[in-house]
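J.: I'm passing along target.txt; it holds compact mmCIF, C-alpha atoms.
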# COMPACT_ATOMS: atom_id res chain seq x y z
CA MET A 58 -11.24 20.42 40.28
CA LYS A 59 -13.14 20.70 37.11
CA THR A 60 -13.92 17.40 35.52
CA ILE A 61 -13.18 17.40 31.88
CA VAL A 62 -12.88 14.90 29.16
CA GLN A 63 -10.35 12.98 31.19
CA ALA A 64 -8.15 9.96 31.17
CA GLU A 65 -9.47 6.46 30.80
CA PRO A 66 -11.30 5.13 33.85
CA LYS A 67 -9.80 1.97 35.33
CA ALA A 68 -12.77 -0.26 34.66
CA ALA A 69 -12.66 0.61 30.98
CA ALA A 70 -8.97 -0.19 30.78
CA GLU A 71 -9.65 -3.66 32.14
CA ARG A 72 -12.31 -4.32 29.55
CA THR A 73 -9.83 -3.84 26.71
CA GLU A 74 -7.59 -6.70 27.78
CA HIS A 75 -9.16 -9.38 25.65
CA GLN A 76 -8.67 -7.50 22.42
CA GLU A 77 -5.73 -5.50 21.24
CA PHE A 78 -6.26 -1.85 20.49
CA VAL A 79 -4.03 1.11 19.97
CA VAL A 80 -4.76 4.36 21.74
CA PRO A 81 -5.31 7.22 19.33
CA VAL A 82 -3.53 10.47 20.16
CA VAL A 83 -5.87 13.34 20.94
CA ASN A 84 -5.99 17.06 21.38
CA ILE A 85 -8.70 18.51 23.60
CA PHE A 86 -9.68 22.15 23.70
CA GLU A 87 -12.24 24.02 25.70
CA THR A 88 -14.04 27.07 24.46
CA GLY A 89 -16.87 28.96 26.13
CA ASP A 90 -19.42 26.86 24.28
CA GLY A 91 -17.96 23.44 24.91
CA TYR A 92 -15.12 21.11 24.11
CA ALA A 93 -13.52 19.98 20.90
CA LEU A 94 -11.74 16.65 20.77
CA GLU A 95 -9.53 15.65 17.85
CA ALA A 96 -8.39 12.04 17.59
CA GLU A 97 -5.94 10.74 15.01
CA MET A 98 -7.10 7.49 13.49
CA PRO A 99 -5.39 7.06 10.13
CA GLY A 100 -6.88 4.25 8.06
CA VAL A 101 -10.34 4.60 9.59
CA ARG A 102 -13.31 5.63 7.49
CA LYS A 103 -16.54 7.16 8.65
CA ASP A 104 -18.28 3.79 8.64
CA GLY A 105 -15.53 2.23 10.75
CA LEU A 106 -16.30 4.48 13.68
CA GLU A 107 -18.22 3.37 16.74
CA ILE A 108 -18.89 6.09 19.25
CA THR A 109 -20.90 5.07 22.28
CA LEU A 110 -22.11 6.99 25.28
CA GLU A 111 -22.71 5.26 28.57
CA GLY A 112 -23.58 7.57 31.41
CA ASN A 113 -20.85 10.17 31.30
CA GLU A 114 -18.35 7.91 29.58
CA ILE A 115 -17.73 8.15 25.88
CA THR A 116 -16.02 5.32 24.04
CA ILE A 117 -14.44 5.86 20.66
CA ILE A 118 -13.62 2.83 18.55
CA GLY A 119 -12.12 3.12 15.08
CA ARG A 120 -11.85 0.05 12.89
CA ARG A 121 -9.30 0.24 10.13
CA ALA A 122 -10.46 -0.21 6.58
CA THR A 123 -7.18 -1.72 5.52
CA GLU A 124 -6.93 -2.73 1.94
CA PRO A 125 -4.40 -5.52 1.97
CA VAL A 126 -1.19 -4.74 0.14
CA THR A 127 0.26 -7.72 -1.62
CA GLY A 128 3.88 -8.65 -1.53
CA GLU A 129 6.63 -8.95 0.99
CA LEU A 130 6.79 -6.57 3.93
CA LEU A 131 10.16 -4.82 3.93
CA PHE A 132 9.55 -2.33 6.68
CA ARG A 133 6.83 -1.97 9.25
CA GLU A 134 5.97 0.78 11.69
CA ARG A 135 2.22 0.98 11.34
CA SER A 136 -0.03 -1.04 13.57
CA ALA A 137 -2.88 -3.12 12.19
CA ALA A 138 -4.85 -2.92 15.44
CA ASP A 139 -8.04 -0.92 15.74
CA TYR A 140 -8.23 2.21 17.85
CA ARG A 141 -9.99 2.59 21.15
CA ARG A 142 -10.10 5.22 23.83
CA VAL A 143 -12.51 6.08 26.63
CA PHE A 144 -13.10 9.52 28.08
CA GLU A 145 -15.04 10.68 31.07
CA LEU A 146 -17.16 13.65 30.20
CA ASP A 147 -17.63 16.85 32.08
CA PRO A 148 -21.21 16.73 33.45
CA ALA A 149 -21.70 20.16 31.93
CA ILE A 150 -21.65 18.62 28.46
CA ASP A 151 -25.03 18.26 26.81
CA THR A 152 -24.65 14.66 25.64
CA SER A 153 -27.66 14.92 23.34
CA LYS A 154 -25.83 17.51 21.24
CA ILE A 155 -22.53 15.75 20.65
CA SER A 156 -21.56 15.67 17.00
CA ALA A 157 -18.74 13.96 15.14
CA LYS A 158 -16.88 14.55 11.91
CA MET A 159 -14.35 12.32 10.17
CA GLU A 160 -11.87 13.79 7.75
CA GLN A 161 -8.69 12.17 6.41
CA GLY A 162 -8.36 9.84 9.36
CA MET A 163 -9.01 12.51 11.93
CA LEU A 164 -12.08 12.44 14.11
CA THR A 165 -13.34 15.72 15.49
CA LEU A 166 -15.92 15.57 18.25
CA ALA A 167 -17.86 18.66 19.21
CA LEU A 168 -19.03 18.43 22.81
CA PRO A 169 -21.22 21.44 23.55
CA LYS A 170 -22.01 22.47 27.08
CA SER A 171 -25.63 22.62 28.11
CA GLU A 172 -27.25 26.02 28.02
CA GLN A 173 -27.45 26.29 31.82
CA VAL A 174 -23.71 26.17 32.35
CA LYS A 175 -22.59 28.36 29.47
CA PRO A 176 -21.10 31.63 30.61
CA ARG A 177 -23.58 34.42 30.16
CA LYS A 178 -23.96 38.02 31.02
CA ILE A 179 -26.50 39.04 33.58
CA THR A 180 -28.13 42.35 33.04
CA VAL A 181 -28.56 44.40 36.12
CA SER A 182 -31.92 46.00 36.46
CA ASP A 183 -32.36 49.34 38.13
CA MET B 190 10.11 27.67 66.41
CA ASN B 191 10.86 24.02 66.34
CA LEU B 192 14.03 22.85 64.78
CA THR B 193 13.84 19.43 63.31
CA ARG B 194 16.97 17.72 62.34
CA TYR B 195 17.32 17.45 58.62
CA GLN B 196 17.15 13.86 57.69
CA ARG B 197 19.00 12.77 54.66
CA PRO B 198 16.95 10.53 52.49
CA ASP B 199 18.10 6.99 52.78
CA LEU B 200 20.13 6.86 49.63
CA GLY B 201 20.27 3.12 49.50
CA TRP B 202 16.55 2.77 49.31
CA ALA B 203 15.77 5.95 47.47
CA GLY B 204 18.35 5.10 44.86
CA PHE B 205 16.94 1.67 44.50
CA GLY B 206 13.44 2.99 44.20
CA ARG B 207 14.38 5.40 41.51
CA LEU B 208 16.37 2.82 39.62
CA SER B 209 13.63 0.27 39.70
CA SER B 210 11.04 2.76 38.51
CA LEU B 211 13.34 3.74 35.66
CA ARG B 212 13.66 0.08 34.87
CA ASP B 213 9.90 -0.29 34.89
CA GLU B 214 9.64 2.63 32.53
CA LEU B 215 12.13 1.03 30.18
CA ASP B 216 10.38 -2.30 30.36
CA ARG B 217 7.12 -0.65 29.57
CA LEU B 218 8.70 1.18 26.67
CA PHE B 219 9.98 -2.02 25.14
CA GLU B 220 6.78 -3.91 25.73
CA SER B 221 4.65 -1.28 24.08
CA PRO B 222 3.74 -1.60 20.42
CA TRP B 223 5.73 -0.10 17.58
CA THR B 224 3.68 3.03 17.40
CA GLU B 225 4.56 3.88 20.97
CA LEU B 226 8.22 3.51 20.21
CA ALA B 227 7.88 5.59 17.11
CA ARG B 228 6.19 8.25 19.19
CA THR B 229 8.99 8.26 21.72
CA SER B 230 11.47 8.96 18.97
CA GLN B 231 9.18 11.69 17.72
CA LEU B 232 9.60 13.43 21.04
CA LEU B 233 13.29 13.66 20.31
CA SER B 234 13.12 14.74 16.70
CA GLY B 235 9.93 16.62 15.89
CA TRP B 236 7.61 14.14 14.32
CA SER B 237 7.87 11.50 11.68
CA PRO B 238 4.89 9.63 10.33
CA ALA B 239 4.83 5.84 10.62
CA LEU B 240 5.71 4.00 7.39
CA ASP B 241 5.15 0.57 5.91
CA VAL B 242 7.00 -0.63 2.84
CA HIS B 243 5.86 -3.59 0.75
CA GLU B 244 7.50 -5.15 -2.27
CA ASP B 245 6.10 -7.49 -4.86
CA LYS B 246 7.53 -8.50 -8.22
CA ASP B 247 6.34 -5.36 -10.02
CA ASN B 248 6.06 -2.62 -7.40
CA PHE B 249 7.14 -1.10 -4.16
CA VAL B 250 4.28 0.23 -2.05
CA VAL B 251 5.03 2.81 0.62
CA GLN B 252 2.28 3.79 3.07
CA ALA B 253 2.52 6.64 5.52
CA GLU B 254 0.11 7.65 8.26
CA LEU B 255 -0.66 11.33 7.92
CA PRO B 256 -4.02 11.94 9.57
CA GLY B 257 -5.82 15.23 9.27
CA MET B 258 -3.65 16.83 6.60
CA LYS B 259 -4.42 18.70 3.44
CA ARG B 260 -3.30 17.21 0.16
CA GLU B 261 -1.41 20.36 -0.78
CA ASP B 262 0.65 20.22 2.41
CA ILE B 263 2.20 16.87 1.47
CA ASP B 264 5.20 16.66 -0.87
CA VAL B 265 6.41 13.47 -2.47
CA SER B 266 9.64 13.40 -4.45
CA LEU B 267 11.97 10.84 -5.92
CA GLN B 268 15.63 11.48 -6.38
CA ASP B 269 18.48 9.05 -7.02
CA GLY B 270 16.36 6.08 -6.04
CA ALA B 271 15.30 7.63 -2.74
CA LEU B 272 11.67 8.43 -2.08
CA SER B 273 11.09 11.40 0.14
CA ILE B 274 7.84 12.31 1.87
CA SER B 275 7.77 15.70 3.50
CA GLY B 276 5.38 18.40 4.48
CA GLU B 277 4.02 20.46 7.23
CA ARG B 278 1.07 20.12 9.51
CA LYS B 279 -0.08 23.56 10.41
CA VAL B 280 -1.47 24.52 13.78
CA GLU B 281 -5.15 25.27 13.49
CA LYS B 282 -6.02 28.85 14.18
CA LYS B 283 -9.54 28.15 15.40
CA TYR B 284 -8.33 26.86 18.77
CA GLU B 285 -5.83 29.61 19.38
CA GLU B 286 -7.98 31.24 22.04
CA ALA B 287 -9.23 28.02 23.56
CA GLU B 288 -8.03 26.43 26.75
CA ILE B 289 -5.92 23.36 26.08
CA TYR B 290 -6.59 20.15 27.97
CA ARG B 291 -4.51 17.72 26.00
CA THR B 292 -2.03 18.11 23.18
CA GLU B 293 -0.74 14.79 22.05
CA ARG B 294 -0.81 15.51 18.32
CA PHE B 295 2.28 16.69 16.51
CA PHE B 296 2.47 19.78 14.39
CA GLY B 297 5.16 21.26 12.24
CA LYS B 298 7.47 19.95 9.57
CA PHE B 299 8.27 16.34 8.90
CA GLN B 300 10.35 14.38 6.46
CA ARG B 301 10.93 10.72 5.82
CA THR B 302 13.14 9.17 3.19
CA VAL B 303 13.09 5.62 1.93
CA THR B 304 15.94 4.32 -0.18
CA LEU B 305 14.59 1.84 -2.66
CA PRO B 306 16.68 -1.26 -3.22
CA THR B 307 16.14 -1.41 -6.99
CA PRO B 308 15.49 1.26 -9.66
CA VAL B 309 11.90 2.43 -10.16
CA ALA B 310 10.18 4.06 -13.12
CA ALA B 311 9.94 7.64 -11.85
CA ASP B 312 7.37 8.65 -14.45
CA LYS B 313 4.96 5.91 -13.38
CA VAL B 314 4.91 6.60 -9.64
CA LYS B 315 1.43 7.09 -8.23
CA ALA B 316 0.42 8.66 -4.93
CA GLN B 317 -2.97 8.60 -3.25
CA TYR B 318 -4.07 10.24 -0.01
CA LYS B 319 -7.11 8.63 1.53
CA ASP B 320 -8.46 8.26 5.09
CA GLY B 321 -5.31 9.90 6.41
CA VAL B 322 -3.02 7.33 4.78
CA LEU B 323 -0.69 8.25 1.94
CA THR B 324 -0.07 5.33 -0.41
CA ILE B 325 2.69 5.58 -3.00
CA THR B 326 3.05 2.91 -5.64
CA LEU B 327 6.43 2.79 -7.34
CA PRO B 328 6.67 0.43 -10.33
CA LYS B 329 10.04 -1.21 -10.83
CA THR B 330 11.88 -0.60 -14.07
CA GLU B 331 11.78 -3.47 -16.54
CA ALA B 332 15.47 -4.12 -15.93
CA ALA B 333 14.93 -4.43 -12.20
CA LYS B 334 12.11 -6.97 -12.41
CA PRO B 335 13.00 -10.56 -11.73
CA LYS B 336 13.10 -12.59 -14.91
CA GLN B 337 12.53 -16.19 -15.45
CA ILE B 338 15.03 -17.84 -17.68
CA ASP B 339 14.23 -21.15 -19.17
CA VAL B 340 17.12 -23.47 -19.26
CA ASN B 341 16.97 -26.38 -21.51
CA VAL B 342 18.63 -29.40 -20.17
CA ASN B 343 19.40 -31.97 -22.77
Please express the file's structure as structure tokens.
T.:
Amino acid sequence: MKTIVQAEPKAAAERTEHQEFVVPVVNIFETGDGYALEAEMPGVRKDGLEITLEGNEITIIGRRATEPVTGELLFRERSAADYRRVFELDPAIDTSKISAKMEQGMLTLALPKSEQVKPRKITVSD
Amino acid sequence: MNLTRYQRPDLGWAGFGRLSSLRDELDRLFESPWTELARTSQLLSGWSPALDVHEDKDNFVVQAELPGMKREDIDVSLQDGALSISGERKVEKKYEEAEIYRTERFFGKFQRTVTLPTPVAADKVKAQYKDGVLTITLPKTEAAKPKQIDVNVN
């Protein structure tokens, strides 16, 4: 089986117990060049993001920049908790080339594959 | 060829097992935070962004989580004291050819309506879309604001 940016490893799940986080929803795509990961983190600004790499594990933390709204709360569905999610990376990903973009509460991670594993054409010599 | 006798699954146990796992599922559902619940209902009815509504003496403030949208794809309207937020999140074309590993995000049309308990000044409503959160401030009409009446007691 191909390892991809996969579900949260057990050890990481245990670490979250002391603090409450919500898990951001994600979409993950694979193209020939690498992976793209989109994570929804409404209320998080660029400076509230903490993305850390440890071995082949990437941890995404998004801290909400909530401006307090005064008054009485009539209706509540939104969570005030910060976001956190851990992914295990495909070893084919070149971790030195990972880039991130934050736009309207949506994080997009570009996870390019290293040159050696990218599909390429081999020319046949005579 | 060997014939093995078909063995019916032990219904007593199997039934129990299934029931208890369903129960676990339900328990988990009710223990999970609001967002999870909201998401479960999204599965049944397209998607609906999470909302908060605040009220102070002058305004109502409605906040909706709409990450990764374009301003022009969000519509806000007020009619007969009901605020309606609608729009459409379009599927991005750039990943059309890509292999999909996870799709947890919702796409398509959404609509949410909030009925406001007191009249608001429609011409003074303000909406702001920032960091994926839509914030709508609806000032109350003068008549709807609480008034302090001084009573002289002789």
J.: Residues of chain A near chain B: apply a cut-off of 7 Å, count all atoms listed in the file, and supply the list as a VMD selection string.
T.: chain A and resid 82 to 88 97 to 102 127 to 136 160 to 163
J.: One decimal, in Å: what's the spacing between atom CA of B:Lys298 and atom CA of A:Glu95?
T.: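 Computing the Euclidean distance for atom CA of B:Lys298 and atom CA of A:Glu95 yields 19.4 Å.
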J.: Out of A:Asp139, A:Ser182, A:Leu146, A:Ala96, which residue has the shortest atom-to-atom distance to A:Leu110 when counting only C-alpha atoms?
T.: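 Using only C-alpha atoms, the shortest distance to A:Leu110 belongs to A:Leu146.
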J.: Could you please determine the separation between atom CA of B:Lys334 and atom CA of B:Arg301 in Å, to one decimal place?
T.: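 Separation between atom CA of B:Lys334 and atom CA of B:Arg301: 25.4 Å.
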J.: Using all atoms listed in the file, pick whichever of B:Ala271, B:Ala332, B:Ile338, B:Val265 has the shortest atom-to-atom distance to B:Phe299.
T.: B:Val265
J.: Please, what distance in Å, to one decimal, runs between atom CA of A:Ala93 and atom CA of A:Arg142?
T.: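 Separation between atom CA of A:Ala93 and atom CA of A:Arg142: 15.4 Å.
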J.: So which residues touch B:Asp264 within 9 Å, counting all atoms listed in the file, skipping near sequence neighbours fewer than 4 positions away, as JSON, numbers by chain?
T.: {"B": [260, 273, 274, 275, 276]}
J.: Rank A:Arg121, A:Val181, A:Phe144, A:Lys154 by their smallest atom-to-atom distance to A:Val79, using all atoms listed in the file, and report the top residue only.
T.: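 Closest candidate: A:Arg121.
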J.: Edge lengths and centre, in Å to one decimal, as AutoDock Vina command-line options: that's what I need for the box along x, y and z that holds all listed atoms of stretch 165-170 of chain A plus 8 Å on each side.
T.:
--center_x -17.7 --center_y 19.0 --center_z 21.3 --size_x 24.7 --size_y 22.9 --size_z 27.6
J.: Counting all atoms listed in the file, which residue out of B:Gln337, B:Ser237, B:Thr330, B:Gln300 sits closest to B:Ser266?
T.: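 Of B:Gln337, B:Ser237, B:Thr330, B:Gln300, the one nearest B:Ser266, counting all atoms listed in the file, is B:Gln300.
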J.: Give as a count of residues only the set of residues within 9 Å of the point (-24.4, 22.4, 27.4), where distances use the file's coordinates and all atoms listed in the file.
T.: 16
J.: Please determine, counting all atoms listed in the file, which residue among A:Asn113, A:Val80, A:Lys103, A:Gly89 has the shortest atom-to-atom distance to A:Asp147.
T.: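 Nearest candidate to A:Asp147 out of A:Asn113, A:Val80, A:Lys103, A:Gly89: A:Asn113.
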